[in-house]
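Asker: What follows is structure_32.txt; its format and atoms are compact mmCIF, C-alpha atoms.
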```
# COMPACT_ATOMS: atom_id res chain seq x y z
CA MET A 1406 0.00 0.00 0.00
CA ALA A 1407 2.87 2.36 0.83
CA ASP A 1408 4.41 1.78 -2.61
CA VAL A 1409 1.11 2.60 -4.34
CA THR A 1410 0.76 5.80 -2.31
CA ALA A 1411 4.32 6.86 -3.18
CA THR A 1412 3.68 6.20 -6.87
CA GLN A 1413 0.50 8.28 -6.80
CA HIS A 1414 2.32 11.11 -5.04
CA ALA A 1415 5.11 11.07 -7.65
CA ALA A 1416 2.54 11.15 -10.46
CA GLN A 1417 0.93 14.23 -8.90
CA GLU A 1418 4.22 16.05 -8.29
CA THR A 1419 4.43 19.49 -9.88
CA TRP A 1420 7.36 21.76 -10.52
CA ARG A 1421 7.42 25.56 -10.47
CA LEU A 1422 8.31 27.38 -13.69
CA ALA A 1423 9.57 30.97 -13.73
CA LEU A 1424 10.44 33.35 -16.54
CA VAL A 1425 13.79 34.97 -15.74
CA VAL A 1426 14.77 38.25 -17.45
CA ILE A 1427 17.61 40.72 -17.00
CA ALA A 1428 16.81 44.17 -18.38
CA ARG A 1429 17.94 47.77 -18.49
CA ASP A 1430 16.04 50.55 -20.26
CA GLU A 1431 13.77 48.11 -22.08
CA ALA A 1432 10.49 50.00 -21.64
CA ALA A 1433 9.78 49.81 -25.38
CA HIS A 1434 9.90 45.99 -25.47
CA LEU A 1435 9.44 44.45 -22.04
CA GLU A 1436 5.64 44.36 -22.03
CA ARG A 1437 5.58 42.36 -25.26
CA LEU A 1438 7.75 39.68 -23.69
CA LEU A 1439 5.96 39.50 -20.36
CA LEU A 1440 2.45 39.33 -21.78
CA SER A 1441 3.49 36.60 -24.25
CA VAL A 1442 4.76 34.35 -21.45
CA LYS A 1443 2.56 35.27 -18.50
CA PRO A 1444 -0.27 32.75 -19.15
CA TRP A 1445 2.13 29.81 -19.09
CA VAL A 1446 4.42 30.33 -16.09
CA ASP A 1447 4.03 30.43 -12.33
CA GLU A 1448 6.10 33.57 -11.90
CA MET A 1449 8.02 36.20 -13.85
CA LEU A 1450 11.21 37.66 -12.37
CA VAL A 1451 12.72 40.80 -13.90
CA LEU A 1452 16.17 41.76 -12.67
CA ASP A 1453 16.74 45.45 -13.44
CA THR A 1454 20.40 46.36 -13.93
CA GLY A 1455 20.08 50.15 -13.72
CA SER A 1456 17.20 51.42 -15.83
CA VAL A 1457 16.45 55.15 -16.04
CA ASP A 1458 13.25 54.63 -18.05
CA ALA A 1459 9.95 52.96 -17.14
CA THR A 1460 11.27 49.39 -17.24
CA PRO A 1461 10.71 48.69 -13.50
CA ALA A 1462 7.19 50.14 -13.57
CA ILE A 1463 6.25 48.09 -16.65
CA ALA A 1464 7.58 44.93 -15.06
CA LEU A 1465 5.42 45.45 -11.99
CA ALA A 1466 2.37 46.47 -14.03
CA CYS A 1467 2.62 43.22 -16.01
CA GLY A 1468 2.69 41.16 -12.84
CA ALA A 1469 6.40 40.42 -12.63
CA ARG A 1470 8.43 40.39 -9.45
CA LEU A 1471 11.17 43.02 -9.58
CA ALA A 1472 14.72 42.62 -8.31
CA ARG A 1473 17.65 44.99 -8.73
CA PHE A 1474 21.32 44.43 -9.53
CA SER A 1475 24.31 46.75 -9.84
CA TRP A 1476 25.75 46.17 -13.31
CA CYS A 1477 29.37 44.96 -13.21
CA ASP A 1478 30.17 44.31 -16.91
CA ASP A 1479 29.43 40.63 -16.51
CA PHE A 1480 26.33 39.03 -18.02
CA SER A 1481 26.83 35.77 -16.13
CA ALA A 1482 26.88 37.59 -12.81
CA ALA A 1483 23.57 39.25 -13.69
CA ARG A 1484 22.01 36.05 -15.05
CA ASN A 1485 23.03 34.08 -11.97
CA ALA A 1486 21.70 36.76 -9.62
CA ALA A 1487 18.37 36.62 -11.46
CA LEU A 1488 18.26 32.82 -11.31
CA ALA A 1489 18.99 32.87 -7.59
CA ALA A 1490 16.23 35.43 -7.02
CA ALA A 1491 13.71 33.40 -9.04
CA ALA A 1492 14.62 30.12 -7.27
CA ALA A 1493 12.15 28.02 -9.27
CA ASP A 1494 12.40 24.37 -10.29
CA TRP A 1495 12.45 25.35 -13.98
CA HIS A 1496 13.76 28.63 -15.37
CA LEU A 1497 12.86 29.99 -18.81
CA VAL A 1498 15.61 32.51 -19.59
CA LEU A 1499 14.65 35.16 -22.15
CA ASP A 1500 15.78 38.69 -22.98
CA ALA A 1501 13.58 41.76 -23.09
CA ASP A 1502 13.84 42.04 -26.89
CA GLU A 1503 12.50 38.49 -27.27
CA TRP A 1504 8.96 37.15 -27.05
CA LEU A 1505 7.16 33.82 -27.16
CA ILE A 1506 5.69 33.05 -30.58
CA ALA A 1507 4.55 29.47 -30.05
CA GLY A 1508 4.80 26.69 -27.49
CA GLY A 1509 2.91 27.98 -24.46
CA GLU A 1510 1.20 24.66 -23.86
CA LEU A 1511 4.57 22.93 -23.84
CA LEU A 1512 5.83 25.43 -21.26
CA GLN A 1513 2.85 24.64 -19.10
CA SER A 1514 3.54 20.91 -19.41
CA LEU A 1515 7.00 21.41 -17.90
CA LYS A 1516 5.30 21.77 -14.53
CA GLN A 1517 4.67 18.03 -14.67
CA ARG A 1518 8.18 17.13 -15.87
CA ARG A 1519 11.08 16.52 -13.56
CA PRO A 1520 13.85 19.11 -14.15
CA ASP A 1521 16.54 16.63 -15.12
CA PHE A 1522 17.39 17.99 -18.58
CA VAL A 1523 18.11 21.29 -20.33
CA GLY A 1524 15.67 22.37 -23.03
CA SER A 1525 16.61 24.24 -26.19
CA ILE A 1526 14.30 26.76 -27.83
CA GLU A 1527 14.19 27.83 -31.47
CA LEU A 1528 15.18 31.50 -31.73
CA LEU A 1529 13.94 33.39 -34.78
CA ASP A 1530 16.26 36.37 -35.32
CA ALA A 1531 15.05 39.23 -37.49
CA PHE A 1532 17.75 41.16 -39.37
CA ASP A 1533 17.78 43.72 -42.14
CA ASP A 1534 20.07 43.37 -45.17
CA GLY A 1535 17.95 45.57 -47.41
CA GLU A 1536 14.82 43.67 -46.48
CA ILE A 1537 13.77 41.90 -43.31
CA ARG A 1538 14.99 38.31 -43.21
CA HIS A 1539 15.10 35.70 -40.47
CA ALA A 1540 17.78 33.39 -39.14
CA ARG A 1541 17.08 30.45 -36.88
CA SER A 1542 19.18 28.98 -34.12
CA ARG A 1543 18.71 26.67 -31.15
CA LEU A 1544 19.72 27.92 -27.73
CA SER A 1545 19.62 26.29 -24.30
CA ARG A 1546 17.16 28.51 -22.44
CA VAL A 1547 15.00 26.13 -20.36
CA LEU A 1548 17.10 25.32 -17.32
CA PRO A 1549 16.67 23.26 -14.16
CA GLY A 1550 16.76 25.43 -11.08
CA HIS A 1551 20.35 24.66 -10.09
CA VAL A 1552 22.00 25.45 -13.45
CA ARG A 1553 24.09 28.62 -13.62
CA TYR A 1554 25.93 30.59 -16.31
CA GLN A 1555 29.60 31.23 -17.06
CA GLY A 1556 31.19 33.89 -19.27
CA ARG A 1557 31.33 37.67 -19.13
CA ILE A 1558 29.51 37.95 -22.47
CA HIS A 1559 27.74 35.44 -24.73
CA GLU A 1560 27.42 33.51 -21.52
CA GLN A 1561 26.58 29.81 -21.57
CA PRO A 1562 24.81 27.59 -19.00
CA GLN A 1563 27.20 25.13 -17.39
CA HIS A 1564 25.90 21.59 -16.89
CA SER A 1565 26.34 17.94 -17.84
CA LEU A 1566 22.64 17.23 -18.43
CA PRO A 1567 21.09 15.97 -21.66
CA ILE A 1568 19.78 18.72 -23.96
CA LEU A 1569 16.32 18.15 -25.43
CA PRO A 1570 14.96 20.25 -28.32
CA LEU A 1571 11.62 21.75 -27.28
CA ALA A 1572 8.87 23.00 -29.58
CA LEU A 1573 9.23 26.56 -28.32
CA GLU A 1574 9.57 29.35 -30.88
CA VAL A 1575 10.85 32.70 -29.66
CA GLY A 1576 11.16 35.89 -31.69
CA HIS A 1577 14.07 38.32 -31.39
CA ASP A 1578 14.46 41.72 -33.03
CA GLY A 1579 17.64 42.89 -31.34
CA TYR A 1580 19.59 42.80 -34.63
CA LEU A 1581 17.44 45.37 -36.40
CA PRO A 1582 19.33 48.60 -37.17
CA GLU A 1583 17.71 50.81 -34.55
CA ARG A 1584 18.43 48.24 -31.83
CA LEU A 1585 22.01 47.65 -32.96
CA ALA A 1586 22.72 51.37 -32.87
CA LEU A 1587 21.80 51.48 -29.18
CA LYS A 1588 24.11 48.55 -28.35
CA ARG A 1589 27.06 49.65 -30.47
CA GLY A 1590 30.31 49.49 -28.54
CA ARG A 1591 28.90 47.68 -25.48
CA ASN A 1592 29.50 44.15 -26.72
CA GLU A 1593 32.86 45.08 -28.23
CA ALA A 1594 34.11 46.37 -24.89
CA LEU A 1595 32.94 43.27 -23.03
CA LEU A 1596 34.39 40.95 -25.68
CA LYS A 1597 37.75 42.68 -25.35
CA LEU A 1598 37.70 42.10 -21.60
CA ALA A 1599 36.71 38.47 -22.07
CA LEU A 1600 39.41 37.85 -24.67
CA GLN A 1601 42.03 39.37 -22.39
CA GLN A 1602 41.12 36.68 -19.88
CA LYS A 1603 40.72 33.85 -22.46
CA PRO A 1604 42.77 34.72 -25.56
CA ASN A 1605 42.51 31.18 -26.94
CA ASP A 1606 38.75 30.77 -26.63
CA ALA A 1607 37.49 29.97 -30.15
CA TYR A 1608 33.87 30.72 -29.23
CA LEU A 1609 34.76 34.24 -28.09
CA TRP A 1610 36.64 34.87 -31.34
CA TYR A 1611 33.62 33.64 -33.30
CA GLN A 1612 31.45 36.07 -31.35
CA TRP A 1613 33.99 38.83 -31.99
CA GLY A 1614 33.64 38.15 -35.71
CA LYS A 1615 29.84 38.16 -35.52
CA ASN A 1616 29.80 41.40 -33.57
CA CYS A 1617 32.04 43.09 -36.15
CA ALA A 1618 29.97 41.70 -39.01
CA VAL A 1619 26.69 43.21 -37.82
CA TYR A 1620 28.33 46.65 -37.97
CA ASP A 1621 29.86 45.97 -41.42
CA ASP A 1622 33.39 45.85 -40.01
CA HIS A 1623 34.46 43.08 -42.37
CA ALA A 1624 38.16 43.29 -41.48
CA GLY A 1625 37.33 42.83 -37.80
CA ALA A 1626 34.98 39.98 -38.70
CA GLU A 1627 37.70 38.18 -40.64
CA GLN A 1628 40.12 38.68 -37.76
CA GLY A 1629 37.72 36.95 -35.39
CA PHE A 1630 36.71 34.14 -37.73
CA ALA A 1631 40.30 33.45 -38.80
CA ARG A 1632 41.45 33.26 -35.20
CA ALA A 1633 38.63 30.86 -34.32
CA ALA A 1634 39.61 28.72 -37.32
CA GLN A 1635 43.21 28.58 -36.09
CA LEU A 1636 41.96 27.22 -32.77
CA ASP A 1637 40.58 24.05 -34.37
CA ALA A 1638 36.89 24.75 -33.76
CA ALA A 1639 35.43 22.90 -36.76
CA THR A 1640 33.60 20.39 -34.56
CA GLN A 1641 31.63 23.09 -32.72
CA PRO A 1642 27.89 23.40 -33.44
CA TRP A 1643 28.35 27.05 -34.49
CA TRP A 1644 31.08 26.24 -37.03
CA LEU A 1645 28.72 26.08 -40.04
CA ASP A 1646 27.54 29.59 -39.26
CA LEU A 1647 31.13 30.78 -38.97
CA ALA A 1648 32.05 29.21 -42.32
CA ALA A 1649 29.25 30.99 -44.19
CA ARG A 1650 29.91 34.29 -42.43
CA ARG A 1651 33.64 34.07 -43.13
CA LEU A 1652 33.06 33.58 -46.87
CA PHE A 1653 30.91 36.71 -46.87
CA ALA A 1654 33.51 38.75 -44.95
CA LEU A 1655 36.32 37.66 -47.29
CA LYS A 1656 34.16 38.46 -50.30
CA GLN A 1657 33.49 41.95 -48.94
CA LEU A 1658 37.24 42.41 -48.41
CA LYS A 1659 37.88 41.21 -52.00
CA GLN A 1660 40.17 38.51 -50.66
CA HIS A 1661 38.88 36.06 -53.23
CA GLU A 1662 41.84 33.71 -53.28
CA ALA A 1663 41.83 33.27 -49.50
CA ALA A 1664 38.07 32.78 -49.58
CA MET A 1665 38.32 30.09 -52.26
CA GLN A 1666 41.02 28.24 -50.33
CA PHE A 1667 38.90 28.33 -47.20
CA ALA A 1668 35.79 27.22 -49.10
CA GLU A 1669 37.62 24.27 -50.60
CA SER A 1670 38.71 23.16 -47.14
CA GLN A 1671 35.10 23.28 -45.93
CA LEU A 1672 33.25 21.46 -48.71
CA GLN A 1673 32.99 18.19 -46.80
CA ILE A 1674 32.46 19.70 -43.36
CA CYS A 1675 29.68 21.98 -44.62
CA ARG A 1676 28.13 19.57 -47.11
CA GLU A 1677 24.67 19.81 -45.48
CA SER A 1678 24.61 23.59 -44.98
CA PRO A 1679 22.57 25.57 -47.53
CA ASP A 1680 23.93 28.76 -45.97
CA PHE A 1681 27.50 27.74 -46.81
CA PHE A 1682 26.70 26.97 -50.44
CA PHE A 1683 24.62 30.14 -50.75
CA ALA A 1684 27.64 32.15 -49.55
CA LEU A 1685 29.87 30.17 -51.91
CA GLY A 1686 27.67 30.99 -54.91
CA ASP A 1687 27.70 34.65 -53.89
CA LEU A 1688 31.50 34.58 -53.58
CA LEU A 1689 31.95 32.97 -57.01
CA LEU A 1690 29.63 35.52 -58.59
CA ASP A 1691 31.68 38.32 -57.08
CA CYS A 1692 34.85 36.73 -58.47
CA ALA A 1693 33.28 36.60 -61.93
CA ALA A 1694 32.14 40.21 -61.72
CA ASP A 1695 35.62 41.39 -60.74
CA ASP A 1696 37.36 39.26 -63.38
CA PRO A 1697 35.05 38.81 -66.40
CA ALA A 1698 37.70 36.70 -68.14
CA GLN A 1699 36.96 33.97 -65.59
CA GLY A 1700 33.20 34.37 -65.87
CA GLU A 1701 32.59 31.57 -68.34
CA ALA A 1702 34.58 29.10 -66.24
CA LEU A 1703 32.93 30.19 -63.00
CA LEU A 1704 29.30 30.15 -64.15
CA PRO A 1705 28.89 26.35 -63.85
CA LEU A 1706 30.36 26.49 -60.35
CA ILE A 1707 27.99 29.31 -59.37
CA GLU A 1708 25.07 27.33 -60.74
CA ASP A 1709 26.19 24.19 -58.92
CA ALA A 1710 26.45 26.08 -55.60
CA TRP A 1711 22.88 27.36 -55.73
CA ARG A 1712 21.56 24.04 -57.00
CA ARG A 1713 23.22 22.42 -54.02
CA CYS A 1714 21.28 24.81 -51.75
CA LEU A 1715 18.03 23.56 -53.26
CA GLU A 1716 19.11 19.92 -53.03
CA ILE A 1717 19.80 20.32 -49.31
CA GLY A 1718 16.66 22.36 -48.69
CA GLU A 1719 15.90 24.39 -45.60
CA ARG A 1720 17.86 23.38 -42.49
CA PRO A 1721 16.44 25.44 -39.62
CA ASP A 1722 18.08 23.04 -37.19
CA LEU A 1723 21.54 24.33 -38.11
CA SER A 1724 23.04 27.25 -36.18
CA GLY A 1725 22.53 30.60 -37.90
CA ALA A 1726 20.39 29.18 -40.72
CA VAL A 1727 18.83 31.99 -42.78
CA GLN A 1728 15.32 31.25 -43.94
CA GLY A 1729 15.17 30.99 -47.74
CA ARG A 1730 18.75 30.01 -48.50
CA GLY A 1731 17.62 26.44 -49.01
CA SER A 1732 14.59 27.51 -51.04
CA HIS A 1733 13.36 30.76 -52.61
CA LEU A 1734 16.49 32.91 -52.15
CA ALA A 1735 18.70 30.30 -53.83
CA ALA A 1736 16.04 29.71 -56.50
CA HIS A 1737 15.92 33.44 -57.29
CA ASN A 1738 19.70 33.62 -57.77
CA LEU A 1739 19.78 30.43 -59.79
CA ALA A 1740 16.96 31.67 -62.03
CA LEU A 1741 19.03 34.75 -62.87
CA VAL A 1742 21.92 32.52 -63.94
CA LEU A 1743 19.59 30.38 -66.04
CA GLU A 1744 18.17 33.44 -67.80
CA GLY A 1745 21.64 34.81 -68.38
CA THR A 1746 22.73 31.56 -70.00
CA GLY A 1747 19.77 31.27 -72.37
CA ARG A 1748 17.43 29.06 -70.36
CA PRO A 1749 14.41 31.31 -69.67
CA GLU A 1750 11.86 28.48 -69.55
CA GLU A 1751 13.83 26.65 -66.89
CA ALA A 1752 14.20 29.90 -64.96
CA GLN A 1753 10.46 30.54 -65.07
CA ALA A 1754 9.66 27.00 -63.93
CA LEU A 1755 12.09 27.40 -61.03
CA ARG A 1756 10.49 30.67 -59.95
CA GLN A 1757 7.05 29.12 -60.02
CA ALA A 1758 8.21 26.11 -58.03
CA TYR A 1759 9.64 28.30 -55.27
CA ALA A 1760 7.16 31.18 -55.39
CA GLN A 1761 6.54 32.53 -51.89
CA SER A 1762 2.98 32.43 -50.73
```
Translate this structure into structure tokens?
Answerer:
Amino acid sequence: MADVTATQHAAQETWRLALVVIARDEAAHLERLLLSVKPWVDEMLVLDTGSVDATPAIALACGARLARFSWCDDFSAARNAALAAAAADWHLVLDADEWLIAGGELLQSLKQRRPDFVGSIELLDAFDDGEIRHARSRLSRVLPGHVRYQGRIHEQPQHSLPILPLALEVGHDGYLPERLALKRGRNEALLKLALQQKPNDAYLWYQWGKNCAVYDDHAGAEQGFARAAQLDAATQPWWLDLAARRLFALKQLKQHEAAMQFAESQLQICRESPDFFFALGDLLLDCAADDPAQGEALLPLIEDAWRRCLEIGERPDLSGAVQGRGSHLAAHNLALVLEGTGRPEEAQALRQAYAQS
């Protein structure tokens, strides 16, 4: 009888789930986040790191508990202070410029799941390269209560638990131009401090390259990506994103020969990345434009690169995957090549096959 009672108790066991946010001067965005998550969690904890706008008032008005923290140029310190203040069984860690798009019911179901794994969410990043596009990545943001972060910037949760992909979709618009302008310089300063402490950390160099790239500092981007490559990081989950970004940076710098050598070394490693082959096609096209004498020889390679994108298809599971590079964006570029080489019917058929709804 005792065993039956214990089993029934275990089946009825529930676990508290809290949203955990660190924020400063996020009055324009915080309400969107809090209202998107509020129906699905037991508590919302906002740790304010020194706001001078209405961020604290908005947090309280939306039903969040407010805590305060003196900023010390260390994101992990702030994250860990917020986690300690929340003290829930499960923590959903989001930023103020993010919001829940889908998956509320799954969040609610976590209250009946033992916190013995880390859950990854799908982050949908909006960025503007002339028009709004989206990149997808998976990040570990659903954490058991005891897990804490490490790293001054681009901090990562430290644990040895299994990571399970969860059907949670979260939007993020922090890479749009107006948001980037507000953050300019902050990440660079923190990355410099972090690299002084860990000069051989490939992940930090990758992040240095990304940070430079979003501000069109292509020389700085190449410095970061090249250094990460020297540190033998090709087995890291973010490597495919680095490879595609590095091709773009080298193309922008007109370092075509170095880019081609790097691309050749990555063909096998990146064989399932449409983003890599999209960047490769773009690089080859730039080579042909700069040296028309090579154009005829390069056109088949350009065509092959964008056909490879379509063969692979969309891979939103890969880090940094840009929506469309395995479908309509590659099809558009390939159709232009087909038209330019006297195949208009094939180009039209391709456009129709990949027409966006």
Asker: Which value, in Å to one decimal, gives the distance between CA of Glu1669 (chain A) and CA of Leu1715 (chain A)?
Answerer: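 Answer for the CA of Glu1669 (chain A) to CA of Leu1715 (chain A) separation: 19.8 Å.
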Asker: For Phe1522 (chain A), work out the shell of residues within 8 Å, counting all atoms listed in the file and skipping chain neighbours fewer than 6 positions away, then give it as a PyMOL selection string.
Answerer: chain A and resi 1548-1549+1566-1569
Asker: Taking C-alpha atoms for each residue, export the selection above as an mmCIF file, in the coordinates of the input.
Answerer:
```cif
data_model
loop_
_atom_site.group_PDB
_atom_site.id
_atom_site.type_symbol
_atom_site.label_atom_id
_atom_site.label_comp_id
_atom_site.auth_asym_id
_atom_site.auth_seq_id
_atom_site.Cartn_x
_atom_site.Cartn_y
_atom_site.Cartn_z
ATOM 1 C CA LEU A 1548 17.100 25.320 -17.320
ATOM 2 C CA PRO A 1549 16.670 23.260 -14.160
ATOM 3 C CA LEU A 1566 22.640 17.230 -18.430
ATOM 4 C CA PRO A 1567 21.090 15.970 -21.660
ATOM 5 C CA ILE A 1568 19.780 18.720 -23.960
ATOM 6 C CA LEU A 1569 16.320 18.150 -25.430
#
```
Asker: Set the distance at 9 Å and use all atoms listed in the file: which residues neighbour Glu1527 (chain A) once local chain neighbours fewer than 5 positions away are removed? I'd like the list as a list in words.
Answerer: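 With the cut-off at 9 Å, the set is Arg1541, Ser1542, Arg1543, Leu1544, Pro1570, Leu1571, Ala1572, Leu1573, Glu1574, Val1575, Gly1576, Pro1721 and Asp1722 of chain A.
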Asker: Output as a Markdown table one row per residue of region 1507-1574 of chain A within 7 Å of region 1485-1499 of chain A: the closest atom pair and its distance in Å to one decimal place, counting only C-alpha atoms, sorted by chain and residue number ascending.
Answerer:
```
| residue | atom | partner | partner_atom | distance |
| --- | --- | --- | --- | --- |
| A:Pro1520 | CA | A:Trp1495 | CA | 6.4 |
| A:Arg1546 | CA | A:Val1498 | CA | 5.2 |
| A:Val1547 | CA | A:Leu1497 | CA | 4.7 |
| A:Leu1548 | CA | A:His1496 | CA | 5.1 |
| A:Pro1549 | CA | A:Trp1495 | CA | 4.7 |
| A:Gly1550 | CA | A:Asp1494 | CA | 4.6 |
| A:Arg1553 | CA | A:Asn1485 | CA | 5.8 |
| A:Tyr1554 | CA | A:Asn1485 | CA | 6.3 |
```
Asker: In Å, rounded to a single decimal, give me how far CA of Ala1423 (chain A) is from CA of Ile1506 (chain A).
Answerer: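 Separation between CA of Ile1506 (chain A) and CA of Ala1423 (chain A): 17.4 Å.
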Asker: Using all atoms listed in the file, list the residues that have an atom at most 12 Å from (15.0, 31.4, -49.3), coordinates as in the file, as a PyMOL selection string.
Answerer: chain A and resi 1538-1540+1679-1680+1683+1711+1714-1715+1718-1721+1726-1739+1756+1759-1761
Asker: Would you mind exporting the chosen residues as a PDB file, in the frame of the given file, restricted to C-alpha atoms?
Answerer:
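Output (selection17.pdb):
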```
ATOM      1  CA  ARG A1538      14.990  38.310 -43.210  1.00  0.00           C
ATOM      2  CA  HIS A1539      15.100  35.700 -40.470  1.00  0.00           C
ATOM      3  CA  ALA A1540      17.780  33.390 -39.140  1.00  0.00           C
ATOM      4  CA  PRO A1679      22.570  25.570 -47.530  1.00  0.00           C
ATOM      5  CA  ASP A1680      23.930  28.760 -45.970  1.00  0.00           C
ATOM      6  CA  PHE A1683      24.620  30.140 -50.750  1.00  0.00           C
ATOM      7  CA  TRP A1711      22.880  27.360 -55.730  1.00  0.00           C
ATOM      8  CA  CYS A1714      21.280  24.810 -51.750  1.00  0.00           C
ATOM      9  CA  LEU A1715      18.030  23.560 -53.260  1.00  0.00           C
ATOM     10  CA  GLY A1718      16.660  22.360 -48.690  1.00  0.00           C
ATOM     11  CA  GLU A1719      15.900  24.390 -45.600  1.00  0.00           C
ATOM     12  CA  ARG A1720      17.860  23.380 -42.490  1.00  0.00           C
ATOM     13  CA  PRO A1721      16.440  25.440 -39.620  1.00  0.00           C
ATOM     14  CA  ALA A1726      20.390  29.180 -40.720  1.00  0.00           C
ATOM     15  CA  VAL A1727      18.830  31.990 -42.780  1.00  0.00           C
ATOM     16  CA  GLN A1728      15.320  31.250 -43.940  1.00  0.00           C
ATOM     17  CA  GLY A1729      15.170  30.990 -47.740  1.00  0.00           C
ATOM     18  CA  ARG A1730      18.750  30.010 -48.500  1.00  0.00           C
ATOM     19  CA  GLY A1731      17.620  26.440 -49.010  1.00  0.00           C
ATOM     20  CA  SER A1732      14.590  27.510 -51.040  1.00  0.00           C
ATOM     21  CA  HIS A1733      13.360  30.760 -52.610  1.00  0.00           C
ATOM     22  CA  LEU A1734      16.490  32.910 -52.150  1.00  0.00           C
ATOM     23  CA  ALA A1735      18.700  30.300 -53.830  1.00  0.00           C
ATOM     24  CA  ALA A1736      16.040  29.710 -56.500  1.00  0.00           C
ATOM     25  CA  HIS A1737      15.920  33.440 -57.290  1.00  0.00           C
ATOM     26  CA  ASN A1738      19.700  33.620 -57.770  1.00  0.00           C
ATOM     27  CA  LEU A1739      19.780  30.430 -59.790  1.00  0.00           C
ATOM     28  CA  ARG A1756      10.490  30.670 -59.950  1.00  0.00           C
ATOM     29  CA  TYR A1759       9.640  28.300 -55.270  1.00  0.00           C
ATOM     30  CA  ALA A1760       7.160  31.180 -55.390  1.00  0.00           C
ATOM     31  CA  GLN A1761       6.540  32.530 -51.890  1.00  0.00           C
TER      32      GLN A1761
END
```
Asker: From the list A:Leu1672, A:Ala1483, A:Leu1515, A:Ala1607, which residue is nearest Glu1418 (chain A) when using only C-alpha atoms?
Answerer: A:Leu1515
Asker: Work out how far apart CA of Gln1513 (chain A) and CA of Ser1545 (chain A) are and give it in Å to one decimal.
Answerer: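 Interatomic distance, CA of Gln1513 (chain A) to CA of Ser1545 (chain A): 17.6 Å.
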Asker: Please report as CSV every residue of region 1448-1471 of chain A lying within 8 Å of region 1430-1443 of chain A, along with the nearest atom pair and their distance in Å (one decimal), using all atoms listed in the file.
Answerer:
```
residue,atom,partner,partner_atom,distance
A:Glu1448,CA,A:Lys1443,CA,7.7
A:Met1449,CA,A:Lys1443,CA,7.2
A:Gly1455,CA,A:Asp1430,CA,7.7
A:Ser1456,CA,A:Asp1430,CA,4.7
A:Val1457,CA,A:Asp1430,CA,6.3
A:Asp1458,CA,A:Asp1430,CA,5.4
A:Ala1459,CA,A:Ala1432,CA,5.4
A:Thr1460,CA,A:Ala1432,CA,4.5
A:Ile1463,CA,A:Glu1436,CA,6.6
A:Ala1464,CA,A:Leu1435,CA,7.2
A:Cys1467,CA,A:Leu1439,CA,6.6
A:Ala1469,CA,A:Leu1439,CA,7.8
```
Asker: Just C-alpha atoms for this one: save the residues we selected as a PDB file, in the coordinates of the input.
Answerer:
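Writing the result to again-v2.pdb gives the following:
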```
ATOM      1  CA  GLU A1448       6.100  33.570 -11.900  1.00  0.00           C
ATOM      2  CA  MET A1449       8.020  36.200 -13.850  1.00  0.00           C
ATOM      3  CA  GLY A1455      20.080  50.150 -13.720  1.00  0.00           C
ATOM      4  CA  SER A1456      17.200  51.420 -15.830  1.00  0.00           C
ATOM      5  CA  VAL A1457      16.450  55.150 -16.040  1.00  0.00           C
ATOM      6  CA  ASP A1458      13.250  54.630 -18.050  1.00  0.00           C
ATOM      7  CA  ALA A1459       9.950  52.960 -17.140  1.00  0.00           C
ATOM      8  CA  THR A1460      11.270  49.390 -17.240  1.00  0.00           C
ATOM      9  CA  ILE A1463       6.250  48.090 -16.650  1.00  0.00           C
ATOM     10  CA  ALA A1464       7.580  44.930 -15.060  1.00  0.00           C
ATOM     11  CA  CYS A1467       2.620  43.220 -16.010  1.00  0.00           C
ATOM     12  CA  ALA A1469       6.400  40.420 -12.630  1.00  0.00           C
TER      13      ALA A1469
END
```
Asker: When you count all atoms listed in the file, which of these residues is closest to Pro1604 (chain A): A:Val1742, A:Leu1636, A:Ala1663, A:Ile1674?
Answerer: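 Smallest distance to Pro1604 (chain A) is found for A:Leu1636.
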Asker: For the point (28.6, 42.0, -39.1) in the file's frame, write as a VMD selection string all residues with an atom no more than 12 Å away, counting all atoms listed in the file.
Answerer: chain A and resid 1532 to 1534 1580 to 1582 1585 1589 1611 to 1627 1629 to 1630 1647 1650 to 1651 1653 to 1654 1657
Asker: Would you list the contacts of Ala1740 (chain A) as a PyMOL selection string, taking every protein, DNA or RNA residue within 9 Å and counting only C-alpha atoms, but skipping same-chain residues closer than 6 positions in sequence?
Answerer: chain A and resi 1748-1749+1751-1756
Asker: Using all atoms listed in the file, find the one residue out of A:Ile1558, A:Ala1710, A:Ala1664, A:Val1446 that sits nearest to Arg1591 (chain A).
Answerer: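 Counting all atoms listed in the file, the residue closest to Arg1591 (chain A) is A:Ile1558.
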Asker: Out of A:Ala1649, A:Arg1429, A:His1661, A:Ala1684, which residue has the shortest atom-to-atom distance to Leu1723 (chain A) when counting all atoms listed in the file?
Answerer: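 With all atoms listed in the file as the atom set, the closest residue is A:Ala1649.
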Asker: Between A:Ser1481, A:His1559, A:Leu1690, A:His1564, which residue has the minimum interatomic distance to Asp1521 (chain A), considering only C-alpha atoms?
Answerer: A:His1564
Asker: From the options A:Leu1645, A:Leu1424, A:Leu1609, A:Ala1698, which residue's atoms come nearest to Gln1628 (chain A), counting all atoms listed in the file?
Answerer: A:Leu1609
